[in-house]
Each structure stands twice: as structure tokens, then as C-alpha cells.
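Undergrad: What follows is the file data-v9.cif, containing mmCIF, C-alpha atoms and all ligand atoms:
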```cif
data_final
#
loop_
_atom_site.label_atom_id
_atom_site.label_comp_id
_atom_site.auth_asym_id
_atom_site.auth_seq_id
_atom_site.Cartn_x
_atom_site.Cartn_y
_atom_site.Cartn_z
CA MET A 1 126.95 46.46 88.03
CA SER A 2 125.15 49.76 87.85
CA GLY A 3 123.08 51.94 85.57
CA ASP A 4 121.22 50.55 82.57
CA ARG A 5 123.88 48.11 81.48
CA LYS A 6 122.48 44.59 81.23
CA PRO A 7 125.06 42.12 82.54
CA LEU A 8 126.49 39.58 80.11
CA ILE A 9 127.59 36.21 81.48
CA SER A 10 129.63 34.30 78.90
CA GLY A 11 130.96 30.76 78.94
CA ASN A 12 134.24 30.33 77.09
CA TRP A 13 134.54 26.59 76.59
CA LYS A 14 138.02 26.90 75.05
CA MET A 15 139.16 23.60 73.45
CA ASN A 16 136.69 21.47 75.39
CA HIS A 17 133.47 19.62 74.44
CA ASN A 18 132.96 17.89 71.10
CA HIS A 19 129.66 18.69 69.40
CA PHE A 20 127.76 15.93 71.22
CA GLU A 21 128.97 17.19 74.59
CA SER A 22 128.16 20.77 73.63
CA ILE A 23 124.59 19.83 72.71
CA GLN A 24 124.15 18.09 76.08
CA THR A 25 125.55 21.09 77.92
CA VAL A 26 123.20 23.61 76.30
CA GLN A 27 120.24 21.30 76.87
CA LYS A 28 121.11 21.06 80.57
CA LEU A 29 121.60 24.83 80.70
CA ALA A 30 118.16 25.36 79.19
CA TYR A 31 116.62 23.43 82.11
CA ALA A 32 118.60 25.27 84.75
CA ILE A 33 118.18 28.87 83.55
CA GLU A 34 114.77 30.47 83.93
CA LYS A 35 112.88 33.36 82.38
CA ASP A 36 113.73 35.70 85.27
CA ASP A 37 117.40 35.00 84.74
CA TYR A 38 117.27 35.94 81.05
CA GLU A 39 115.40 39.10 81.95
CA ALA A 40 118.13 40.04 84.41
CA CYS A 41 121.13 39.20 82.26
CA ASP A 42 122.29 38.16 78.81
CA VAL A 43 123.95 34.77 78.52
CA SER A 44 126.31 33.53 75.81
CA VAL A 45 128.17 30.27 75.21
CA HIS A 46 131.34 30.03 73.13
CA PRO A 47 131.91 26.45 71.95
CA PRO A 48 134.75 25.38 69.63
CA PHE A 49 134.18 26.17 65.91
CA THR A 50 133.32 22.54 65.12
CA ASP A 51 130.33 22.67 67.51
CA LEU A 52 128.79 25.96 66.43
CA ARG A 53 126.35 24.60 63.86
CA SER A 54 125.07 21.90 66.24
CA VAL A 55 124.63 24.35 69.13
CA GLN A 56 122.93 26.88 66.84
CA THR A 57 120.42 24.23 65.78
CA VAL A 58 119.56 23.29 69.38
CA LEU A 59 119.26 26.91 70.55
CA GLN A 60 116.94 27.76 67.67
CA ALA A 61 114.85 24.56 67.67
CA ASP A 62 114.23 24.75 71.42
CA LYS A 63 113.96 28.58 71.46
CA ILE A 64 116.63 28.84 74.16
CA PRO A 65 117.48 32.54 74.73
CA VAL A 66 121.21 31.91 75.06
CA SER A 67 123.38 33.75 72.53
CA LEU A 68 125.83 31.85 70.43
CA GLY A 69 129.42 33.02 70.65
CA ALA A 70 132.77 32.19 69.04
CA GLN A 71 136.22 32.18 70.62
CA ASN A 72 138.23 33.66 67.78
CA VAL A 73 138.02 34.83 64.16
CA HIS A 74 140.36 35.69 61.33
CA GLU A 75 140.48 39.36 60.35
CA ALA A 76 140.36 38.85 56.58
CA GLU A 77 137.10 38.58 54.69
CA LYS A 78 138.23 35.48 52.77
CA GLY A 79 141.28 34.02 51.08
CA ALA A 80 144.22 31.67 51.37
CA PHE A 81 144.37 31.38 55.16
CA THR A 82 144.42 27.64 55.76
CA GLY A 83 142.60 26.62 58.91
CA GLU A 84 141.05 30.01 59.61
CA VAL A 85 137.40 31.12 59.92
CA SER A 86 136.02 34.50 58.80
CA ALA A 87 133.57 36.82 60.52
CA GLY A 88 131.15 36.34 57.62
CA MET A 89 131.11 32.58 58.24
CA LEU A 90 130.35 33.09 61.94
CA ASP A 91 127.64 35.62 61.17
CA LYS A 92 125.93 33.09 58.89
CA LEU A 93 125.70 30.74 61.90
CA ASP A 94 123.90 33.47 63.87
CA VAL A 95 126.88 33.99 66.14
CA GLU A 96 126.30 37.16 68.16
CA TYR A 97 129.48 37.58 70.22
CA VAL A 98 133.08 36.88 69.21
CA ILE A 99 135.91 36.85 71.75
CA VAL A 100 138.97 38.63 70.34
CA GLY A 101 142.41 38.96 71.87
CA HIS A 102 141.96 36.36 74.60
CA SER A 103 145.21 36.15 76.57
CA GLU A 104 145.71 32.59 75.35
CA ARG A 105 145.57 33.88 71.76
CA ARG A 106 147.92 36.73 72.63
CA GLU A 107 150.39 34.55 74.55
CA LEU A 108 150.30 31.22 72.69
CA PHE A 109 149.56 32.44 69.16
CA GLY A 110 151.36 35.77 69.15
CA GLU A 111 148.36 38.05 68.59
CA THR A 112 149.32 41.70 68.87
CA ASP A 113 147.05 44.64 69.65
CA GLU A 114 147.06 45.45 65.91
CA VAL A 115 145.75 41.98 65.07
CA VAL A 116 143.15 42.20 67.84
CA ASN A 117 142.07 45.58 66.48
CA ALA A 118 141.70 44.14 62.96
CA LYS A 119 139.68 41.21 64.32
CA ALA A 120 137.38 43.47 66.36
CA THR A 121 136.86 45.63 63.26
CA ALA A 122 136.02 42.57 61.12
CA VAL A 123 133.50 41.38 63.73
CA LEU A 124 131.84 44.80 63.92
CA HIS A 125 131.70 45.00 60.14
CA THR A 126 129.29 42.04 60.03
CA GLY A 127 127.12 43.41 62.87
CA MET A 128 128.32 40.96 65.54
CA THR A 129 129.69 42.15 68.89
CA PRO A 130 133.33 41.67 69.84
CA ILE A 131 134.33 40.78 73.39
CA VAL A 132 137.75 42.42 73.49
CA CYS A 133 140.03 40.89 76.12
CA VAL A 134 142.72 42.75 78.04
CA GLY A 135 144.72 41.87 81.14
CA GLU A 136 148.13 42.01 82.72
CA THR A 137 150.62 39.29 83.68
CA LEU A 138 151.59 38.60 87.29
CA GLU A 139 154.96 40.24 86.68
CA GLU A 140 153.30 43.41 85.37
CA ARG A 141 151.03 43.51 88.41
CA THR A 142 153.80 42.97 90.97
CA GLU A 143 155.89 45.65 89.27
CA GLY A 144 152.99 48.11 89.48
CA ARG A 145 152.52 48.21 85.70
CA ALA A 146 149.09 46.59 85.49
CA GLN A 147 147.10 49.74 84.67
CA ALA A 148 149.70 50.94 82.17
CA ARG A 149 149.63 47.56 80.40
CA VAL A 150 145.84 47.48 80.21
CA THR A 151 145.76 51.09 79.00
CA GLU A 152 148.18 50.18 76.23
CA GLN A 153 146.15 47.12 75.20
CA LEU A 154 142.94 49.17 75.14
CA GLY A 155 144.55 51.89 73.03
CA GLY A 156 145.84 49.42 70.45
CA SER A 157 142.87 47.07 70.39
CA LEU A 158 140.21 49.79 70.07
CA ALA A 159 142.15 52.13 67.76
CA GLY A 160 140.05 53.82 65.13
CA LEU A 161 136.66 52.72 66.48
CA LYS A 162 133.88 55.29 66.58
CA PRO A 163 132.42 56.29 69.98
CA GLU A 164 128.97 55.02 68.98
CA THR A 165 130.53 51.66 68.13
CA VAL A 166 132.40 51.43 71.44
CA GLU A 167 129.06 51.93 73.26
CA ASP A 168 127.93 48.49 72.09
CA ILE A 169 131.06 46.41 72.42
CA VAL A 170 132.10 44.30 75.40
CA ILE A 171 135.48 44.49 77.09
CA ALA A 172 136.70 41.58 79.22
CA TYR A 173 139.27 42.28 81.90
CA GLU A 174 141.07 39.02 82.51
CA PRO A 175 144.22 39.23 84.63
CA ILE A 176 146.39 36.46 83.18
CA TRP A 177 147.53 35.27 86.61
CA ALA A 178 143.90 34.55 87.57
CA ILE A 179 143.02 32.42 84.53
CA GLY A 180 142.65 28.72 85.29
CA THR A 181 144.69 29.10 88.45
CA GLY A 182 141.90 29.17 91.00
CA GLU A 183 143.26 32.54 92.01
CA THR A 184 140.72 35.34 91.56
CA ALA A 185 141.42 39.04 91.68
CA THR A 186 139.78 40.37 94.82
CA PRO A 187 136.49 42.06 94.01
CA GLY A 188 138.20 45.33 95.00
CA ASP A 189 141.13 44.81 92.60
CA ALA A 190 138.82 43.73 89.78
CA GLN A 191 136.59 46.76 90.39
CA GLU A 192 139.57 49.10 90.43
CA MET A 193 140.79 47.91 87.03
CA CYS A 194 137.31 47.89 85.51
CA ALA A 195 136.79 51.48 86.75
CA HIS A 196 140.15 52.37 85.21
CA ILE A 197 139.07 50.82 81.89
CA ARG A 198 135.83 52.83 81.98
CA SER A 199 137.66 56.06 82.66
CA ARG A 200 140.06 55.39 79.77
CA ILE A 201 137.06 54.79 77.50
CA ALA A 202 135.56 58.08 78.72
CA GLU A 203 138.77 59.93 77.90
CA THR A 204 139.14 58.44 74.43
CA PHE A 205 135.55 57.90 73.30
CA GLY A 206 133.47 60.16 75.56
CA ALA A 207 131.08 59.80 78.49
CA LYS A 208 128.27 58.09 76.57
CA ALA A 209 130.53 55.28 75.35
CA ALA A 210 131.95 54.84 78.87
CA GLU A 211 128.48 54.63 80.44
CA SER A 212 127.21 52.10 77.90
CA VAL A 213 130.18 49.79 77.29
CA ARG A 214 129.91 46.52 79.19
CA ILE A 215 132.99 45.36 81.07
CA GLN A 216 133.26 41.72 82.10
CA TYR A 217 135.63 40.26 84.65
CA GLY A 218 137.24 36.89 83.89
CA GLY A 219 139.64 34.67 85.80
CA SER A 220 138.54 31.78 88.04
CA VAL A 221 134.94 33.00 88.30
CA LYS A 222 132.96 30.35 90.21
CA PRO A 223 129.45 30.14 91.67
CA GLY A 224 130.91 31.09 95.07
CA ASN A 225 132.66 34.30 94.05
CA ALA A 226 130.34 35.51 91.27
CA PRO A 227 127.86 37.36 93.57
CA GLU A 228 130.54 39.58 95.11
CA LEU A 229 132.30 40.26 91.80
CA MET A 230 129.00 41.11 90.11
CA ALA A 231 128.10 43.50 92.94
CA GLN A 232 130.95 45.84 91.91
CA PRO A 233 129.68 48.98 90.16
CA ASP A 234 131.96 48.72 87.11
CA ILE A 235 131.72 44.95 86.58
CA ASP A 236 128.93 44.21 84.10
CA GLY A 237 129.38 40.51 83.62
CA ALA A 238 131.72 37.57 83.68
CA LEU A 239 133.77 35.66 81.13
CA VAL A 240 133.88 32.20 82.61
CA GLY A 241 136.26 29.43 81.56
CA GLY A 242 136.47 26.21 83.60
CA ALA A 243 133.23 26.65 85.56
CA SER A 244 131.23 27.16 82.35
CA LEU A 245 131.91 23.60 81.15
CA ASN A 246 129.51 22.26 83.74
CA ALA A 247 125.92 23.40 83.09
CA GLU A 248 124.91 23.39 86.78
CA ASP A 249 127.89 25.51 87.83
CA PHE A 250 127.44 27.93 84.94
CA ALA A 251 123.73 28.26 85.69
CA ARG A 252 124.55 29.08 89.32
CA ILE A 253 126.85 31.86 88.10
CA VAL A 254 124.06 33.16 85.84
CA LYS A 255 121.79 33.17 88.93
CA TYR A 256 124.33 35.18 90.98
CA ARG A 257 121.57 37.61 92.08
CA ILE A 258 119.90 34.94 94.20
CA TYR A 259 123.10 34.50 96.22
CA GLN A 260 123.82 38.19 96.69
CA ALA A 261 123.67 39.47 100.27
P1 LIG B 1 138.90 30.34 84.05
O1 LIG B 1 137.50 30.74 84.47
O2 LIG B 1 139.04 28.87 83.81
O3 LIG B 1 139.92 30.92 84.96
O4 LIG B 1 139.16 31.00 82.61
C1 LIG B 1 138.93 32.35 82.43
C2 LIG B 1 139.01 32.64 80.98
O5 LIG B 1 140.07 32.63 80.39
C3 LIG B 1 137.74 32.91 80.27
O6 LIG B 1 137.99 33.40 79.00
#
```
Can the structure in the file be given as C-alpha cells, please?

TA:
Amino acid sequence: MSGDRKPLISGNWKMNHNHFESIQTVQKLAYAIEKDDYEACDVSVHPPFTDLRSVQTVLQADKIPVSLGAQNVHEAEKGAFTGEVSAGMLDKLDVEYVIVGHSERRELFGETDEVVNAKATAVLHTGMTPIVCVGETLEERTEGRAQARVTEQLGGSLAGLKPETVEDIVIAYEPIWAIGTGETATPGDAQEMCAHIRSRIAETFGAKAAESVRIQYGGSVKPGNAPELMAQPDIDGALVGGASLNAEDFARIVKYRIYQA
């Protein structure tokens, strides 16, 4: 983390926690995270769609400065898309961040870079912030194609965005082989790819966008490895899966500064 970029620590709860469990988790988080922590970094939680209204109510009633996030969105404004949720609907729930193009969406639900681009555009259109996910498979990494793959995903997912828009978005680098496996990219590897992402942004959208865009690392982030990952100059936050389900663990990640050497 360097410069003026405020880190963003996000908890992606995936398909875990019903709305009762989500309420309990945010209430526990509110006890564990202190004013100093919120001053040092932004925090978001991304519960399942069915929990958003309940979590919104708790965050607002108790004035908890955690941002509400969603895990996905449909790109269309409205229409005959059974089972889908629009950006407008999320915006009405005061959602601030929407994850788009998570590798599980890309791999299990066939989302292409074009779809991810349309989703990011729909999110931006309402004034919310997309967290655009990119990351290579193990095969791509072992074959030395990791940077090329991420470059391609960035090009497709951010196509047509204006430089001043890119300044305010969030990119999450999540190597697929590190997600839910307990295997983390080394801080050096994660830094190298995040620096690569920033230099690609500079080339396509200019220096200002590259300096301002926040780049998160995701993939088996835990309280124990967060301090070293967050110390890297091009890593501006974390997108946390498994460890974010437990309020104490997630709060320890948010407090990574305390554990830094
Ligand atoms: P884990 O932290 O469980 O590896 O998940 C990472 C992730 O996919 C966050 O979006």
C-alpha cells in the first residue's frame, strides 16, 4: 500500500450465512472494529442477496461505518431475466460496492469479459463502485501465461471506460489456484501481478487512473498473512472469502496494521 490510496478490505461471504447469521456477524464486527481502523481503511461486507436488506438495516440503525456490498449483478436495467437482480435494485439498498467477474462466476456460470464489462458499466451507471475481479488458473501460471491472461481480462473487462471512471473503481487480483485452497500467492508474486495491473492501467487509462485505482489481492487471505500482503506497495486491500465469515478473523485482517513489523 502506498500513496493516498485508502485500503479497502472486503468480505465476500459467497453462498454462506442466512440473514439471521449475517446480522449476527455484522453486529460482532461492529464490536471488534474501532474508529482508528475505519480511519485507516474502508471495510465492506458482501452478503448473499437475500440478506442485503437486513444487513443494511443493522448498519444504518447502529451507524456502523461498514459499506454494504453485493457479490454479483445483472447487466440489464430491468426485464424478463428470471432470478436476476439489477444494479438499480442494489443501489436502492444503499449498496456501495458490487463484485463483478469473480472467478466463480466466470468459471461456474460462464461469464465472459464482455459480460463482466457490461456488469461493471451497469454498476457505474448507478453511481456504485465495481470490484472487477481478474486472475489466472494454475495451468496459466505454470505455463508462464499469468500476466498475459490478466492483461486480456483487464482489456475486456474495462473496455470503453473513461480514465476518470477507472480512477475510482477497484480491481481484485485473485489467482484462481489460491482461492479456498489455503494456498496464498507469495507477497512477492502478488505484488508483481498487482504492479503489472497498475502499469497496464497506466498504459491504457493514463498515470492518474493508475495512481488512484485500488487493487485488492484475494486468495486465502488470513489474519496471519494479511500484514505482509498489505505491506506491498501495489496492494491496496484484500478480498477475503473464508476468513471473512468469522467476525473475529475478519476484524483481525482489518487491523492488519497492528501486526505489521
Ligand atoms: P478465500 O479467501 O476463501 O480463498 O476466497 C477468496 C475469494 O474468492 C474472495 O472473493

Undergrad: For segment 19-35 of chain A, find every residue with an atom within 9 Å (counting all atoms listed in the file), except residues of its own chain fewer than 4 positions away, and show them as a PDB file with C-alpha atoms, keeping the file's coordinate frame.

TA:
```pdb
ATOM      1  CA  GLU A  39     115.400  39.100  81.950  1.00  0.00           C
ATOM      2  CA  ALA A  40     118.130  40.040  84.410  1.00  0.00           C
ATOM      3  CA  VAL A  45     128.170  30.270  75.210  1.00  0.00           C
ATOM      4  CA  PRO A  47     131.910  26.450  71.950  1.00  0.00           C
ATOM      5  CA  PRO A  48     134.750  25.380  69.630  1.00  0.00           C
ATOM      6  CA  THR A  50     133.320  22.540  65.120  1.00  0.00           C
ATOM      7  CA  ASP A  51     130.330  22.670  67.510  1.00  0.00           C
ATOM      8  CA  LEU A  52     128.790  25.960  66.430  1.00  0.00           C
ATOM      9  CA  ARG A  53     126.350  24.600  63.860  1.00  0.00           C
ATOM     10  CA  SER A  54     125.070  21.900  66.240  1.00  0.00           C
ATOM     11  CA  VAL A  55     124.630  24.350  69.130  1.00  0.00           C
ATOM     12  CA  VAL A  58     119.560  23.290  69.380  1.00  0.00           C
ATOM     13  CA  LEU A  59     119.260  26.910  70.550  1.00  0.00           C
ATOM     14  CA  ASP A  62     114.230  24.750  71.420  1.00  0.00           C
ATOM     15  CA  ILE A  64     116.630  28.840  74.160  1.00  0.00           C
ATOM     16  CA  PRO A  65     117.480  32.540  74.730  1.00  0.00           C
ATOM     17  CA  VAL A  66     121.210  31.910  75.060  1.00  0.00           C
ATOM     18  CA  LEU A 245     131.910  23.600  81.150  1.00  0.00           C
ATOM     19  CA  ASN A 246     129.510  22.260  83.740  1.00  0.00           C
ATOM     20  CA  ALA A 247     125.920  23.400  83.090  1.00  0.00           C
ATOM     21  CA  GLU A 248     124.910  23.390  86.780  1.00  0.00           C
ATOM     22  CA  PHE A 250     127.440  27.930  84.940  1.00  0.00           C
ATOM     23  CA  ALA A 251     123.730  28.260  85.690  1.00  0.00           C
ATOM     24  CA  ARG A 252     124.550  29.080  89.320  1.00  0.00           C
ATOM     25  CA  VAL A 254     124.060  33.160  85.840  1.00  0.00           C
ATOM     26  CA  LYS A 255     121.790  33.170  88.930  1.00  0.00           C
TER      27      LYS A 255
END
```

Undergrad: Between A:Glu104, A:Glu114, A:Thr126, A:Val73, which residue has the minimum interatomic distance to Asp91 of chain A, considering all atoms listed in the file?

TA: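 Looking at the shortest contact to Asp91 of chain A, the residue is A:Thr126.
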
Undergrad: Select, from A:Ile179, A:Ala172, A:Met230, A:Cys133, the residue with the minimum atom-to-atom distance to ligand LIG 1 (chain B), counting all atoms listed in the file.

TA: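 Checking each of A:Ile179, A:Ala172, A:Met230, A:Cys133 against ligand LIG 1 (chain B), counting all atoms listed in the file, the winner is A:Ile179.
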
Undergrad: Around ligand LIG 1 (chain B), at most 9 Å away and counting all atoms listed in the file, which residues are there? Put them as a PyMOL selection string, please.

TA: chain A and resi 10-14+71+99+102-104+133+172+174-184+217-222+238-244

Undergrad: Give me, please, the distance in Å between atom CA of Cys41 of chain A and atom CA of Tyr259 of chain A, quoted to one decimal.

TA: 14.9 Å

Undergrad: Report as a PyMOL selection string all protein, DNA and RNA residues lying within 12 Å of Lys208 of chain A, evaluated on all atoms listed in the file, omitting residues in the same chain fewer than 2 positions from it.

TA: chain A and resi 4-5+162-168+198-199+201-206+210-214

Undergrad: Output C-alpha atoms of each residue in that selection to a file, as an mmCIF file, in the coordinates of the input.

TA:
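The resulting file, selection28.cif, is shown below:
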```cif
data_model
loop_
_atom_site.group_PDB
_atom_site.id
_atom_site.type_symbol
_atom_site.label_atom_id
_atom_site.label_comp_id
_atom_site.auth_asym_id
_atom_site.auth_seq_id
_atom_site.Cartn_x
_atom_site.Cartn_y
_atom_site.Cartn_z
ATOM 1 C CA ASP A 4 121.220 50.550 82.570
ATOM 2 C CA ARG A 5 123.880 48.110 81.480
ATOM 3 C CA LYS A 162 133.880 55.290 66.580
ATOM 4 C CA PRO A 163 132.420 56.290 69.980
ATOM 5 C CA GLU A 164 128.970 55.020 68.980
ATOM 6 C CA THR A 165 130.530 51.660 68.130
ATOM 7 C CA VAL A 166 132.400 51.430 71.440
ATOM 8 C CA GLU A 167 129.060 51.930 73.260
ATOM 9 C CA ASP A 168 127.930 48.490 72.090
ATOM 10 C CA ARG A 198 135.830 52.830 81.980
ATOM 11 C CA SER A 199 137.660 56.060 82.660
ATOM 12 C CA ILE A 201 137.060 54.790 77.500
ATOM 13 C CA ALA A 202 135.560 58.080 78.720
ATOM 14 C CA GLU A 203 138.770 59.930 77.900
ATOM 15 C CA THR A 204 139.140 58.440 74.430
ATOM 16 C CA PHE A 205 135.550 57.900 73.300
ATOM 17 C CA GLY A 206 133.470 60.160 75.560
ATOM 18 C CA ALA A 210 131.950 54.840 78.870
ATOM 19 C CA GLU A 211 128.480 54.630 80.440
ATOM 20 C CA SER A 212 127.210 52.100 77.900
ATOM 21 C CA VAL A 213 130.180 49.790 77.290
ATOM 22 C CA ARG A 214 129.910 46.520 79.190
#
```

Undergrad: Have a look at atom CA of Gly237 of chain A and atom CA of Asn225 of chain A and let me know their distance in Å, one decimal.

TA: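 Between atom CA of Gly237 of chain A and atom CA of Asn225 of chain A the gap works out to 12.6 Å.
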
Undergrad: List the neighbours of Gly156 of chain A out to 7 Å using only C-alpha atoms; skip same-chain residues closer than 4 positions along the sequence, and give me the result as a PyMOL selection string.

TA: chain A and resi 113-114+117+152

Undergrad: Can you list, as an MDAnalysis selection string, every protein, DNA or RNA residue that comes within 12 Å of segment 76-84 of chain A when you count all atoms listed in the file, leaving out same-chain residues fewer than 4 positions away?

TA: chainID A and resid 49:50 72 88:91 115 118:123 125:126

Undergrad: Please report the interatomic distance between atom CA of Val100 of chain A and atom CA of Thr151 of chain A in Å with one decimal.

TA: 16.6 Å

Undergrad: Which is closer to Met128 of chain A than all the others in A:Arg106, A:Lys92, A:Arg141, A:Arg149, using all atoms listed in the file?

TA: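 Smallest distance to Met128 of chain A is found for A:Lys92.
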
Undergrad: Kindly indicate which residue among A:Val150, A:Gly188, A:Glu143, A:Leu8 lies nearest to Ile215 of chain A, using only C-alpha atoms for the distances.

TA: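 Answer, going by the shortest atom-to-atom distance: A:Leu8.
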
Undergrad: With distances taken over only C-alpha atoms, which residue among A:Glu192, A:Asp42, A:Glu139, A:Asp236 lies nearest Ile171 of chain A?

TA: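 Among A:Glu192, A:Asp42, A:Glu139, A:Asp236, it is A:Asp236 that comes nearest to Ile171 of chain A.
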
Undergrad: Find the residue from A:Glu228, A:Gly101, A:Val170, A:Lys63 that sits nearest to Ile9 of chain A; use only C-alpha atoms when measuring.

TA: A:Val170

Undergrad: Box along x, y and z, 6 Å on every side, all listed atoms of segment 104-121 of chain A inside: centre and edge lengths in Å to one decimal, as AutoDock Vina command-line options.

TA:
```
--center_x 144.1 --center_y 38.4 --center_z 69.2 --size_x 26.5 --size_y 26.4 --size_z 24.4
```

Undergrad: Quick one: everything within 9 Å of Gln232 of chain A, counting only C-alpha atoms, minus sequence neighbours fewer than 3 positions away in the same chain. Send it as a list of chain:residue names.

TA: A:Met1, A:Ser2, A:Pro187, A:Gly188, A:Ala190, A:Gln191, A:Glu228, A:Leu229, A:Ile235, A:Asp236

Undergrad: Using only C-alpha atoms, please write the residues we just selected to a file, as a PDB file, keeping the file's coordinate frame.

TA:
```pdb
ATOM      1  CA  MET A   1     126.950  46.460  88.030  1.00  0.00           C
ATOM      2  CA  SER A   2     125.150  49.760  87.850  1.00  0.00           C
ATOM      3  CA  PRO A 187     136.490  42.060  94.010  1.00  0.00           C
ATOM      4  CA  GLY A 188     138.200  45.330  95.000  1.00  0.00           C
ATOM      5  CA  ALA A 190     138.820  43.730  89.780  1.00  0.00           C
ATOM      6  CA  GLN A 191     136.590  46.760  90.390  1.00  0.00           C
ATOM      7  CA  GLU A 228     130.540  39.580  95.110  1.00  0.00           C
ATOM      8  CA  LEU A 229     132.300  40.260  91.800  1.00  0.00           C
ATOM      9  CA  ILE A 235     131.720  44.950  86.580  1.00  0.00           C
ATOM     10  CA  ASP A 236     128.930  44.210  84.100  1.00  0.00           C
TER      11      ASP A 236
END
```
